[in-house]
Amino acid sequence: MPYVTVKMLEGRTDDQKRALVTKVTDAVSETTGAPKEAIHVMIEEMSKNNLGIAGVRKSDQ
């Protein structure tokens, strides 16, 4: 039973997230042989205030 977590900045539409879940599920099923019914995809969204790259928050760029 594969579990996949996708962490990304907030701001994607429901349609984009739906497509992401579908494509990730397909890729995991194709590469592992796991049935799609057993694959769990979790999307964790964060604000730009909570991500820093090279010492600078994304919200400050």
# chains A, B, ... in the order shown; residues from 1 in each chain; ligands from 1

$ residues_around --residues "His40 in chain A" --least-positions-apart "3" --cutoff "12 Å" --atoms "only C-alpha atoms" --output "count of residues only"
18

$ select_by_dssp --residues "range 5-59 of chain A" --states "strand (DSSP E or B)" --output "VMD selection string"
chain A and resid 5 to 9 40 to 46 52 to 53 56 to 57

$ atom_distance --atom1 "CA of Glu10 in chain A" --atom2 "CA of Met46 in chain A"
5.5 Å

$ closest_residue --among "A:Thr13, A:Ala19, A:Ala27, A:Asp60" --to "Lys48 in chain A" --atoms "only C-alpha atoms"
A:Asp60

$ atom_distance --atom1 "CA of Val56 in chain A" --atom2 "CA of Val41 in chain A"
29.5 Å

$ select_by_dssp --residues "chain A" --states "helix (DSSP H, G or I)" --output "VMD selection string"
chain A and resid 14 to 32 36 to 38 48 to 50 58 to 60

$ closest_residue --among "A:Lys23, A:Lys17, A:Lys7, A:Lys58" --to "Ile39 in chain A" --atoms "only C-alpha atoms"
A:Lys23

$ closest_residue --among "A:Ala38, A:Ala54, A:Ser59, A:Gly33" --to "Leu9 in chain A" --atoms "only C-alpha atoms"
A:Ser59

$ decode --residues "range 4-51 of chain A" --atoms "N, CA and C atoms" --output "compact mmCIF listing (two decimals), in the first residue's frame"
# COMPACT_ATOMS: atom_id res chain seq x y z
N VAL A 4 2.18 8.37 -0.86
CA VAL A 4 3.01 9.40 -1.50
C VAL A 4 2.59 10.75 -0.94
N THR A 5 3.57 11.54 -0.49
CA THR A 5 3.29 12.88 -0.01
C THR A 5 3.93 13.88 -0.96
N VAL A 6 3.13 14.83 -1.42
CA VAL A 6 3.61 15.90 -2.29
C VAL A 6 3.53 17.19 -1.48
N LYS A 7 4.67 17.84 -1.28
CA LYS A 7 4.70 19.11 -0.58
C LYS A 7 4.92 20.20 -1.60
N MET A 8 4.07 21.24 -1.56
CA MET A 8 4.19 22.32 -2.52
C MET A 8 3.60 23.60 -1.95
N LEU A 9 3.96 24.70 -2.57
CA LEU A 9 3.40 25.98 -2.16
C LEU A 9 1.93 26.05 -2.55
N GLU A 10 1.16 26.71 -1.71
CA GLU A 10 -0.27 26.86 -1.99
C GLU A 10 -0.48 27.71 -3.24
N GLY A 11 -1.67 27.59 -3.81
CA GLY A 11 -2.01 28.42 -4.95
C GLY A 11 -2.47 27.65 -6.17
N ARG A 12 -2.41 26.32 -6.11
CA ARG A 12 -2.89 25.53 -7.25
C ARG A 12 -4.40 25.39 -7.18
N THR A 13 -5.02 25.24 -8.33
CA THR A 13 -6.47 25.07 -8.38
C THR A 13 -6.84 23.64 -8.04
N ASP A 14 -8.12 23.43 -7.76
CA ASP A 14 -8.59 22.06 -7.51
C ASP A 14 -8.36 21.18 -8.73
N ASP A 15 -8.55 21.73 -9.92
CA ASP A 15 -8.31 20.94 -11.14
C ASP A 15 -6.86 20.52 -11.26
N GLN A 16 -5.93 21.40 -10.92
CA GLN A 16 -4.51 21.06 -10.97
C GLN A 16 -4.17 19.97 -9.95
N LYS A 17 -4.73 20.09 -8.74
CA LYS A 17 -4.46 19.07 -7.72
C LYS A 17 -5.09 17.73 -8.09
N ARG A 18 -6.26 17.78 -8.68
CA ARG A 18 -6.92 16.54 -9.13
C ARG A 18 -6.06 15.84 -10.18
N ALA A 19 -5.54 16.61 -11.14
CA ALA A 19 -4.69 16.04 -12.19
C ALA A 19 -3.39 15.49 -11.59
N LEU A 20 -2.82 16.17 -10.62
CA LEU A 20 -1.61 15.71 -9.97
C LEU A 20 -1.83 14.37 -9.29
N VAL A 21 -2.93 14.27 -8.54
CA VAL A 21 -3.25 13.01 -7.85
C VAL A 21 -3.41 11.88 -8.86
N THR A 22 -4.09 12.14 -9.95
CA THR A 22 -4.30 11.12 -10.97
C THR A 22 -2.98 10.66 -11.58
N LYS A 23 -2.13 11.62 -11.95
CA LYS A 23 -0.87 11.26 -12.61
C LYS A 23 0.12 10.59 -11.66
N VAL A 24 0.16 11.04 -10.42
CA VAL A 24 1.04 10.39 -9.45
C VAL A 24 0.57 8.96 -9.20
N THR A 25 -0.74 8.78 -9.06
CA THR A 25 -1.29 7.44 -8.86
C THR A 25 -0.94 6.53 -10.03
N ASP A 26 -1.12 7.04 -11.24
CA ASP A 26 -0.79 6.24 -12.43
C ASP A 26 0.69 5.86 -12.45
N ALA A 27 1.57 6.84 -12.14
CA ALA A 27 3.01 6.57 -12.18
C ALA A 27 3.41 5.54 -11.13
N VAL A 28 2.86 5.64 -9.93
CA VAL A 28 3.20 4.69 -8.87
C VAL A 28 2.68 3.30 -9.23
N SER A 29 1.48 3.23 -9.77
CA SER A 29 0.91 1.94 -10.16
C SER A 29 1.75 1.29 -11.26
N GLU A 30 2.13 2.08 -12.25
CA GLU A 30 2.90 1.54 -13.38
C GLU A 30 4.29 1.06 -12.95
N THR A 31 4.92 1.79 -12.03
CA THR A 31 6.30 1.44 -11.66
C THR A 31 6.40 0.39 -10.56
N THR A 32 5.37 0.30 -9.72
CA THR A 32 5.44 -0.66 -8.60
C THR A 32 4.54 -1.86 -8.78
N GLY A 33 3.57 -1.74 -9.68
CA GLY A 33 2.61 -2.82 -9.86
C GLY A 33 1.49 -2.80 -8.83
N ALA A 34 1.49 -1.80 -7.95
CA ALA A 34 0.44 -1.70 -6.94
C ALA A 34 -0.88 -1.33 -7.61
N PRO A 35 -1.97 -1.90 -7.14
CA PRO A 35 -3.27 -1.51 -7.70
C PRO A 35 -3.59 -0.06 -7.31
N LYS A 36 -4.21 0.66 -8.21
CA LYS A 36 -4.54 2.06 -7.96
C LYS A 36 -5.36 2.24 -6.69
N GLU A 37 -6.20 1.26 -6.37
CA GLU A 37 -7.05 1.34 -5.20
C GLU A 37 -6.25 1.36 -3.90
N ALA A 38 -5.00 0.92 -3.95
CA ALA A 38 -4.17 0.83 -2.75
C ALA A 38 -3.22 2.02 -2.60
N ILE A 39 -3.23 2.95 -3.55
CA ILE A 39 -2.27 4.06 -3.54
C ILE A 39 -2.91 5.29 -2.93
N HIS A 40 -2.21 5.86 -1.95
CA HIS A 40 -2.67 7.06 -1.26
C HIS A 40 -1.75 8.21 -1.62
N VAL A 41 -2.33 9.32 -2.09
CA VAL A 41 -1.56 10.51 -2.42
C VAL A 41 -2.04 11.65 -1.52
N MET A 42 -1.10 12.22 -0.76
CA MET A 42 -1.43 13.32 0.13
C MET A 42 -0.73 14.58 -0.34
N ILE A 43 -1.48 15.67 -0.44
CA ILE A 43 -0.90 16.94 -0.83
C ILE A 43 -0.82 17.81 0.42
N GLU A 44 0.38 18.28 0.72
CA GLU A 44 0.60 19.19 1.83
C GLU A 44 0.98 20.54 1.25
N GLU A 45 0.13 21.52 1.47
CA GLU A 45 0.39 22.86 0.96
C GLU A 45 0.96 23.74 2.07
N MET A 46 1.85 24.63 1.70
CA MET A 46 2.40 25.57 2.66
C MET A 46 2.39 26.96 2.04
N SER A 47 2.35 27.95 2.92
CA SER A 47 2.38 29.32 2.42
C SER A 47 3.82 29.71 2.09
N LYS A 48 3.96 30.74 1.29
CA LYS A 48 5.28 31.24 0.93
C LYS A 48 6.03 31.78 2.14
N ASN A 49 5.30 32.09 3.22
CA ASN A 49 5.93 32.55 4.46
C ASN A 49 6.72 31.44 5.13
N ASN A 50 6.39 30.19 4.81
CA ASN A 50 6.96 29.04 5.51
C ASN A 50 8.03 28.31 4.71
N LEU A 51 8.54 28.92 3.64
CA LEU A 51 9.60 28.30 2.85
C LEU A 51 10.70 29.32 2.60
